[in-house]
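Notes for the one structure printed next.
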Amino acid sequence: MKRLDTGGRIDRSKPLSVTFDGTALPAYHGDTLASAMLAGDTMVVGRSFKYHRPRGVYSAGVEEPGAMVHLRDGNRHEPNARATVVEAFDGLVSSGQNAWPNVRFDVGAVNGLFSPFLSAGFYYKTFIGPFKNTTKFWMMCEAFIRKAAGMGRGTYLEDPDHYEKRNAFCDVLVIGGGVAGLSAALAAGRSGAKVILAEQDFELGGAVLSEPIGGEDEAWVEAVLTELQSMENVRILTRTTAFGAYDGDVYGLVERVSDHLKAPENHQVRQRYWMVHAERSILATGAIERPLVFGGNDKPGVMLANAARTYLNRFAILPGESVVVCTNNDSAYETAAELARAGATVTLAEMRASVPSSLTHEATEAGVSILIGHAVLEARGKSRVASAVVVPIDASGQASGAPKTIPADLIATSGGWSPAVHLWSHLFGKPIYNEDAACFIPRSEENHKMQAAGTAMATTSLSETIEQGFDQGVKAAQATGHAKECGARPDHFMTGAYWQRGIEPIWAVVRTNGKCQGKAFVDFQHDVKISDIDQAHLEGYVSVEHLKRYTTTGMATDQGKLSNVNALARMSELRGMKIPEVGTTTFRPPFTPISMASLVGHEHGKHFRPTRLSPIHHWHVENGAKMTEAGAWMRPWYYAEAGEGLDEAYIREAAHVREHVGMVDVSTLGKIAIQGPDAAEFLNRMYVNGWKTLQVGRLRYGVMLREDGFVMDDGATARLGEHDYFMSTTTANAAKVLAFSEHLLQTAWKDLKVHVTTVTDQWAAIAVAGPKARDLLSNVFKGADLSREALPNNHFTYAKLDGVAVRIHRMSYSGELAYEVYIPSGYARAVWETLHEQGQKYRIKPYGTESMSTLRIEKGHVAGPELEGRTTMKDLGLEAFASSKKPFVGSVLRKRPVLEDPERPTLVGLEIDGATGAKSGSILFPKTGETKGHGDGWVSSTTYSPALGKNIALALLKNGSSRKGETVRVVNFIGNETLTAKVVSHHFFDPKGERQNA
Amino acid sequence: MLELCSPLNSKLQAGRFGAQGETGIALGGRPVRDLWQIAGWGDFEAAAIEVLSDLGLCGLGSYSLASRAKGRTAWRIAPDKILIENAGNLSDYMSANLATLDLSHARTVILLSGTQARDVLSQLIAIDVTETAFPEGRFLQTGIHHVGVLIQCMGQNAFEIYAPVTWAETVWEVICENAKPFGVEIVAD
């Protein structure tokens with residue numbers, strides 16, 4: 001293997017530093033990692049999935065099954081990179097994977113000795129059987145098996161790079177930048193249609209890139225490209241793979257923006273995920289050459305014929321000096337001739353019984369020895385090919401004479417070509433089999449918005465490829481309303497033969513006994529041998545879908561690219577059927593592997609989901625609040641003073657509120673404007689209680705149910721005007737209540753003249769609670785009469801502070817004398833700061849959600865942990881709110897027998913014995929007996945109560961109301977802790993409400 | 001008067017970040033002024049036209065074209081809802097046929113402009129924002145990072161993004177992340 005002095009599309013003036021397993025590779029700008037490996041005569045670059053067989057570079061494209069490597073190191077480490085599509089760059093570090101100590105000497109290769117036991121269905125048979133404990137046995141073995149088998153290792157380090165998503169809209173998406181794609185883009189572009197041309201390679205040209213340089217093909221590409229680049233309506237994306245085609249004319253593309261660099265530069269992204277919305281698309285993805293199946297066909301040194309040609313012509317590498325080319329079609333002749341002209345000794349084993357001299361002439365002239373009616377039976381050599389065993393064969397591929405051994409360091413094979421129909425299949429299912437071309441092609445239907453062109457449609461000549469590409473471009477443009485003249489088709493140029501003429505569908509080469517000589521692989525990626533297909537057949541597998549899953553052929557990154565037809569051919573042969581009768585599997589996205597990061601884009605870490613901030617958020621942060629997540633919101637959890645942890649802080653805060661006054665940011669409460677002449681009727685239907693009598697200036701607590709009768713939410717609603725109400729909901733359920741309301745108004749209650757609009761952003765809210773609350777607020781909001789007489793509970797009033805109008809609701813969540821001040825959100829921080837500053841003489845302290853929870857538990861108010869979707873009004877002691885005079889959402893289904901069961905767990909209080917508090921979720925059991933099963937109930941909310949000086953909890957307990965005074969056990973199975981507690985009323989503190997009514 | 005605090009106060013600090021070289025994106029902010037929603041029912045259009053004509057605005061506009069005059073802008077955001085900026089106080093129009101609602105504090109405006117502004121938008125929303133599809137004067141209602149926003153096209157490369165105030169920082173940060181490759185300048189008030 002050597003780098004040629006001339007030729008190729010590499011830039012010899014730009015050498016690159018590239019290493020594999022620490023060894024420097026001779027690489028130039030324009031190389032791939034695989035071509036650099038070949039140039040460095042690095043033959044063993046990977047180990048196979050199951051048997052750890054040495055594998056080399058097999059292809060020159062996305063279909064590569066063997067040259068899978070680790071790329072880069074540190075936090076940019078990437079496993080399973082296909083060396084054939086990794087662009088070489090300065091500083092590229094790569095290493096072998098799935099091998100120990102290295103790919104050249106791998107201890108795991110011992111698996112090969114056990115191959116008779118590791119055949120198809122090994123795992124099913126060994127670990128899923130009619131035996132006891134096979135699941136446990138599997139779980140025990142799994143870690144070892146997964147370690148031994150498989151692919152590369154990922155990194156746990158955080159990816160330092162950025163990835164972005166972008167939407168694009170076009171009339172015509174052309175997938176593939178080869179001759180067909182360029183022709184299609186040219187036609188569509190000339191018509192004025194908006195075109196996106198996507199090519200996965202870093203250069204346009206497709207198959208032309210594998211041709212010798214300086215030919216007329218190159219000039220052809222350059223001319224078309226120049227014209228395309230001059231069109232503003234054409235966007236050309238290279239290094240961009242269209243990986244999926246989806247409903248709604250949407251295509252997923254990944255552009256590898258910076259993968260060809262050591263690291264993204266100047267804040268650019270590593271990869272960009274394009275979501276392309278295209279009215280029409282043209283599949284110009286070309287075709288992938290098929291392997292032949294023979295013994296040792298996976299050894300390093302066996303390669304697809306066109307790959308050998310690509311390495312020769314594109315990368316200026318002579319991939320072998322003694323070459324055996326084996327083919328069942330015409331397309332490999334050019335490879336043979338060019339290798340011979342480059343200095344190799346070439347023998348061509350022609351599998352067909354006869355071929356025309358017009359085909360063999362050029363190769364013979366170049367010095368190729370042609371053996372008609374011969375094939376490679378076996379590749380021999382230890383870790384790389386040393387010789388090829390060639391035999392005469394009959395029309396089925398069976399040996400018909402004596403084998404002979406030919407020294408060889410490269411065996412280049414061609415079993416025909418498979419059009420890359422994957423994206424078409426994503427949209428339309430199974431392709432059809434073309435007998436003449438011996439391959440699957442897309443069904444051509446006029447109404448399909450994706451049409452294939454070129455060798456993706458198995459065209460048989462270059463002129464047909466250009467014609468089809470161009471014509472599909474014209475059609476797509478016309479279909480999108482661009483009737484402008486598209487001009488003349490580009491002329492064609494001379495190329496070698498395509499594969500279809502006279503192809504002989506011989507897929508495997510076998511001995512006279514019908515068996516391959518040695519291990520012969522159908523799927524290199526998953527180590528599926530032809531004998532595995534035979535075994536699956538013997539075991540009764542007849543469906544291709546079952547065959548695929550049983551043998552794992554066509555899985556992983558291969559996705560049928562190389563293995564599909566050969567596996568189907570073998571199966572059809574065994575079943576005595578034709579390939580179309582056996583059928584094929586359906587291809588699914590992605591066409592080639594894509595990084596998770598490209599799908600994630602910027603939506604990770606802090607931006608995994610949006611965050612919602614109160615208008616007072618920054619004050620909390622600046623003043624030392626420890627913040628906590630509450631749904632999408634960030635809320636102050638507690639404000640730690642010197643040396644305090646959570647427990648000390650929340651207990652102090654709660655006690656402070658009861659003794660002095662505290663302020664808490666409740667801007668997160670859901671706030672909904674309910675407006676319209678039927679607003680009261682709407683509320684009457686939404687809430688369980690009545691609303692028609694509520695006067696302007698008053699507010700009322702309400703409970704709402706889901707349609708199935710369970711409690712959905714609670715909150716207070718104020719009547720601001722005749723047709724104007726202001727509903728508050730819990731923080732957690734705000735969106736749900738709004739959506740449910742809107743849903744009902746637009747479907748079931750279209751007769752109601754009501755609008756619901758979120759005003760959560762419009763209004764911030766501050767709850768001021770404690771014995772000094774009235775004094776403080778009266779002092780701040782001069783002129784507002786907040787006296788007990790003027791503003792009793794469930795009333796509100798307006799006030800002003802420095803010209804800013806606010807609304808003060810008298811209501812209490814803490815059980816203390818309390819008010820909620822509603823402020824236009826832009827002024828919220830100023831009002832908060834004013835209250836905080838002027839409240840100093842009343843010893844005001846801010847408090848967080850933890851102490852807010854303590855205060856409400858002491859008071860026995862339910863909240864999220866109790867309104868969790870499984871509780872009814874009756875369970876929570878809220879039934880008295882329900883009106884019997886009107887229907888409301890849930891009024892019928894709440895009467896279901898199961899919800900009326902007197903044994904249902906109901907809300908109780910628990911006084912925990914001892915100094916340790918209960919954990920939420922702990923299960924309740926009677927004082928004696930077994931602690932098994934679901935118990936008698938569960939703890940929903942728990943706290944230390946500074947007001948009571950003990951640990952308390954809210955709980956749901958079976959027959960709870962009749963068990964007051966009983967001692968129960970509180971079992972925390974996760975923490976392995978059992979406490980005892982006394983069942984009491986959930987109104988722990990000030991049950992008569994004297995404090996809040998003060 | 002108390003100090004009005006922008007939800008983007010911590011973000012609106014003049015500076016430049018992201019890619020070096022040309023500045024493709026300028027970001028700024030401004031508060032909305034007297035933003036009111038009017039909403040109605042069957043006879044909404046008649047009721048709305050009365051309000052709009054009082055404000056000097058002609059016609060109801062369409063669901064993508066705002067009605068603009070005298071420094072006021074009206075967006076038809078739903079068949080029975082119109083948002084109006086610079087509307088003054090519309091509370092007197094509240095009746096059995098029309099609901100008026102002050103949302104002046106509910107939104108803030110993120111100003112996005114620069115030669116790459118449309119590129120940034122295309123990274124944020126799955127709607128065609130090329131100049132032909134989204135020209136000056138048009139608006140659209142969509143979501144940025146799951147947050148509902150209204151985007152008004154103010155010129156070839158200038159947009160105003162009306163975002164809910166409590167989500168404004170998260171929307172701003174996501175815009176910034178997407179804009180970094182183009183070079184970003186933050187324009188303070």
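Identifiers in the structure tokens: chain A, B, ... in order shown; residue index from 1 per chain; ligand index from 1 in order shown.
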Practice task
Considering only C-alpha atoms, return as a PyMOL selection string whatever protein or nucleic-acid residues lie within 7 Å of stretch 729-741 of chain A, sequence-local ones (same chain, fewer than 2 positions apart) excluded.
Solution key: chain A and resi 631+668-671+713-715+727+743-745
With C-alpha atoms retained, could you export that selection as an mmCIF file, in the first residue's frame?
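Final output, part.cif:
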data_model
loop_
_atom_site.group_PDB
_atom_site.id
_atom_site.type_symbol
_atom_site.label_atom_id
_atom_site.label_comp_id
_atom_site.auth_asym_id
_atom_site.auth_seq_id
_atom_site.Cartn_x
_atom_site.Cartn_y
_atom_site.Cartn_z
ATOM 1 C CA GLY A 631 -42.395 23.598 38.207
ATOM 2 C CA THR A 668 -46.131 32.447 40.983
ATOM 3 C CA LEU A 669 -49.807 31.849 41.784
ATOM 4 C CA GLY A 670 -51.815 31.337 38.622
ATOM 5 C CA LYS A 671 -53.907 34.397 37.816
ATOM 6 C CA ASP A 713 -57.345 22.752 42.083
ATOM 7 C CA ASP A 714 -58.355 25.361 44.589
ATOM 8 C CA GLY A 715 -57.912 29.086 45.008
ATOM 9 C CA MET A 727 -59.195 33.968 39.559
ATOM 10 C CA HIS A 743 -61.255 23.984 26.215
ATOM 11 C CA LEU A 744 -64.685 24.038 27.826
ATOM 12 C CA LEU A 745 -65.487 27.505 26.487
#
Exercise for the section: Give as a ChimeraX atom specification every residue of chain B that touches chain A within 9 Å, counting only C-alpha atoms. Expected result: /B:1-7,10,18-20,39-42,94-107,119-130,145-147,164-171,173-174,177-178,180-183
Problem - For A:Ala337: contacts at 7 Å, only C-alpha atoms, fewer than 2 positions along chain excluded, given as a ChimeraX atom specification - result: /A:333-335,339-341,362-363,366,368
Problem - Residue neighbourhood A:Thr628, 6 Å, only C-alpha atoms, exclusion window fewer than 6 positions, as a PyMOL selection string - result: chain A and resi 634-635+637
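Excluding stretch 649-659 of chain A and any residue on its chain fewer than 5 positions from it, the residues at most 8 Å away by only C-alpha atoms are Tyr638, Tyr639, Ala640, Glu641, Glu644, Ala769, Gly770, Pro771, Glu816, Lys845, Pro846, Tyr847, Gly848, Glu850, Ser851, Met852, Thr854, Leu855, Tyr944, Ser945, Pro946 and Ala947 of chain A.
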Completion exercise
Using only C-alpha atoms, the residue out of A:Met596, A:Val174, A:Leu957, A:Val780 with shortest distance to A:Pro902 is A:Leu957
Practice task
Check stretch 765-875 of chain A with DSSP on the backbone and list each residue it calls helix (DSSP H, G or I), as a count of residues only.
Solution key: 37
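Counting only C-alpha atoms, the residue from A:Glu994, A:Glu232, A:Glu321, A:Asp491 that sits nearest to A:Asp409 is A:Glu321.
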Exercise for the section: Go through stretch 1-182 of chain B and collect every residue that DSSP, computed from the backbone, puts in strand (DSSP E); the answer should be as a ChimeraX atom specification. Expected result: /B:15-17,25-31,36-40,67-69,72-78,81-85,98-102,107-113,139-144,147-155,158-164
Exercise for the section: Pick out the residues sitting within 12 Å of A:Val688, and hand them over as an MDAnalysis selection string; count only C-alpha atoms, and ignore anything fewer than 4 positions along from it in its own chain. Expected result: chainID A and resid 681:684 700:707 709:715 872:873 878:892 894
Output C-alpha atoms of each residue in that selection to a file, as a PDB file, in the first residue's frame.
ATOM      1  CA  GLU A 681     -72.206  31.267  35.357  1.00  0.00           C
ATOM      2  CA  PHE A 682     -68.820  30.076  34.137  1.00  0.00           C
ATOM      3  CA  LEU A 683     -67.446  30.152  37.672  1.00  0.00           C
ATOM      4  CA  ASN A 684     -70.543  28.370  38.887  1.00  0.00           C
ATOM      5  CA  ARG A 700     -64.261  33.712  47.673  1.00  0.00           C
ATOM      6  CA  TYR A 701     -62.355  30.486  48.106  1.00  0.00           C
ATOM      7  CA  GLY A 702     -63.342  27.809  45.624  1.00  0.00           C
ATOM      8  CA  VAL A 703     -62.568  24.208  44.784  1.00  0.00           C
ATOM      9  CA  MET A 704     -62.712  22.765  41.299  1.00  0.00           C
ATOM     10  CA  LEU A 705     -62.883  19.151  40.231  1.00  0.00           C
ATOM     11  CA  ARG A 706     -61.856  17.269  37.180  1.00  0.00           C
ATOM     12  CA  GLU A 707     -64.647  15.728  35.158  1.00  0.00           C
ATOM     13  CA  GLY A 709     -64.789  13.816  40.227  1.00  0.00           C
ATOM     14  CA  PHE A 710     -61.335  14.162  41.718  1.00  0.00           C
ATOM     15  CA  VAL A 711     -60.119  17.500  43.022  1.00  0.00           C
ATOM     16  CA  MET A 712     -58.194  19.470  40.407  1.00  0.00           C
ATOM     17  CA  ASP A 713     -57.345  22.752  42.083  1.00  0.00           C
ATOM     18  CA  ASP A 714     -58.355  25.361  44.589  1.00  0.00           C
ATOM     19  CA  GLY A 715     -57.912  29.086  45.008  1.00  0.00           C
ATOM     20  CA  THR A 872     -61.760  13.760  46.394  1.00  0.00           C
ATOM     21  CA  MET A 873     -63.368  16.641  48.243  1.00  0.00           C
ATOM     22  CA  LEU A 878     -63.779  19.990  51.547  1.00  0.00           C
ATOM     23  CA  GLU A 879     -67.155  18.478  50.783  1.00  0.00           C
ATOM     24  CA  ALA A 880     -69.049  21.189  52.597  1.00  0.00           C
ATOM     25  CA  PHE A 881     -68.059  23.623  49.866  1.00  0.00           C
ATOM     26  CA  ALA A 882     -70.006  21.729  47.221  1.00  0.00           C
ATOM     27  CA  SER A 883     -73.317  23.201  46.242  1.00  0.00           C
ATOM     28  CA  SER A 884     -76.199  20.813  45.887  1.00  0.00           C
ATOM     29  CA  LYS A 885     -78.223  23.341  43.900  1.00  0.00           C
ATOM     30  CA  LYS A 886     -76.294  23.372  40.666  1.00  0.00           C
ATOM     31  CA  PRO A 887     -74.256  21.104  38.450  1.00  0.00           C
ATOM     32  CA  PHE A 888     -70.528  21.705  38.130  1.00  0.00           C
ATOM     33  CA  VAL A 889     -67.609  19.976  36.507  1.00  0.00           C
ATOM     34  CA  GLY A 890     -67.254  16.610  38.228  1.00  0.00           C
ATOM     35  CA  SER A 891     -70.564  16.821  40.066  1.00  0.00           C
ATOM     36  CA  VAL A 892     -71.864  13.561  38.612  1.00  0.00           C
ATOM     37  CA  ARG A 894     -67.773  12.422  42.154  1.00  0.00           C
TER      38      ARG A 894
END
Practice task
Pick out the residues sitting within 12 Å of A:Arg352, and hand them over as a PyMOL selection string; count only C-alpha atoms, and ignore anything fewer than 2 positions along from it in its own chain.
Solution key: chain A and resi 326-330+348-350+354-356+370-375+392-397+415+501-507
Go ahead and write the selection's residues with C-alpha atoms as a PDB file, in the first residue's frame.
ATOM      1  CA  CYS A 326     -13.991 -10.493  -8.076  1.00  0.00           C
ATOM      2  CA  THR A 327     -17.209  -9.373  -9.717  1.00  0.00           C
ATOM      3  CA  ASN A 328     -20.581 -10.516 -10.987  1.00  0.00           C
ATOM      4  CA  ASN A 329     -21.129  -7.333 -13.019  1.00  0.00           C
ATOM      5  CA  ASP A 330     -19.430  -4.853 -15.355  1.00  0.00           C
ATOM      6  CA  LEU A 348     -10.003 -10.353 -12.292  1.00  0.00           C
ATOM      7  CA  ALA A 349     -12.203 -13.269 -11.295  1.00  0.00           C
ATOM      8  CA  GLU A 350     -15.287 -12.845 -13.472  1.00  0.00           C
ATOM      9  CA  SER A 354     -19.139 -15.261 -20.466  1.00  0.00           C
ATOM     10  CA  VAL A 355     -18.690 -11.555 -21.024  1.00  0.00           C
ATOM     11  CA  PRO A 356     -18.284  -9.573 -24.239  1.00  0.00           C
ATOM     12  CA  ILE A 370      -9.119 -12.234 -16.474  1.00  0.00           C
ATOM     13  CA  LEU A 371     -10.450 -15.567 -15.257  1.00  0.00           C
ATOM     14  CA  ILE A 372     -13.911 -16.067 -16.702  1.00  0.00           C
ATOM     15  CA  GLY A 373     -16.336 -18.163 -14.643  1.00  0.00           C
ATOM     16  CA  HIS A 374     -14.221 -17.884 -11.524  1.00  0.00           C
ATOM     17  CA  ALA A 375     -14.753 -16.463  -8.074  1.00  0.00           C
ATOM     18  CA  PRO A 392     -14.197 -22.054 -11.172  1.00  0.00           C
ATOM     19  CA  ILE A 393     -17.906 -21.791 -10.344  1.00  0.00           C
ATOM     20  CA  ASP A 394     -21.243 -22.632 -11.875  1.00  0.00           C
ATOM     21  CA  ALA A 395     -24.125 -20.249 -12.376  1.00  0.00           C
ATOM     22  CA  SER A 396     -25.194 -20.556  -8.729  1.00  0.00           C
ATOM     23  CA  GLY A 397     -21.776 -19.710  -7.294  1.00  0.00           C
ATOM     24  CA  GLY A 415     -21.712  -8.054  -6.033  1.00  0.00           C
ATOM     25  CA  ARG A 501     -25.998  -5.038 -18.034  1.00  0.00           C
ATOM     26  CA  GLY A 502     -25.804  -8.770 -17.744  1.00  0.00           C
ATOM     27  CA  ILE A 503     -25.386  -8.839 -13.966  1.00  0.00           C
ATOM     28  CA  GLU A 504     -25.476 -12.397 -12.735  1.00  0.00           C
ATOM     29  CA  PRO A 505     -27.202 -12.596  -9.360  1.00  0.00           C
ATOM     30  CA  ILE A 506     -24.596 -14.737  -7.671  1.00  0.00           C
ATOM     31  CA  TRP A 507     -24.305 -13.596  -4.078  1.00  0.00           C
TER      32      TRP A 507
END
Completion exercise
A straight line from atom CA of A:Gly554 to atom CA of A:Gly181 spans 26.9 Å
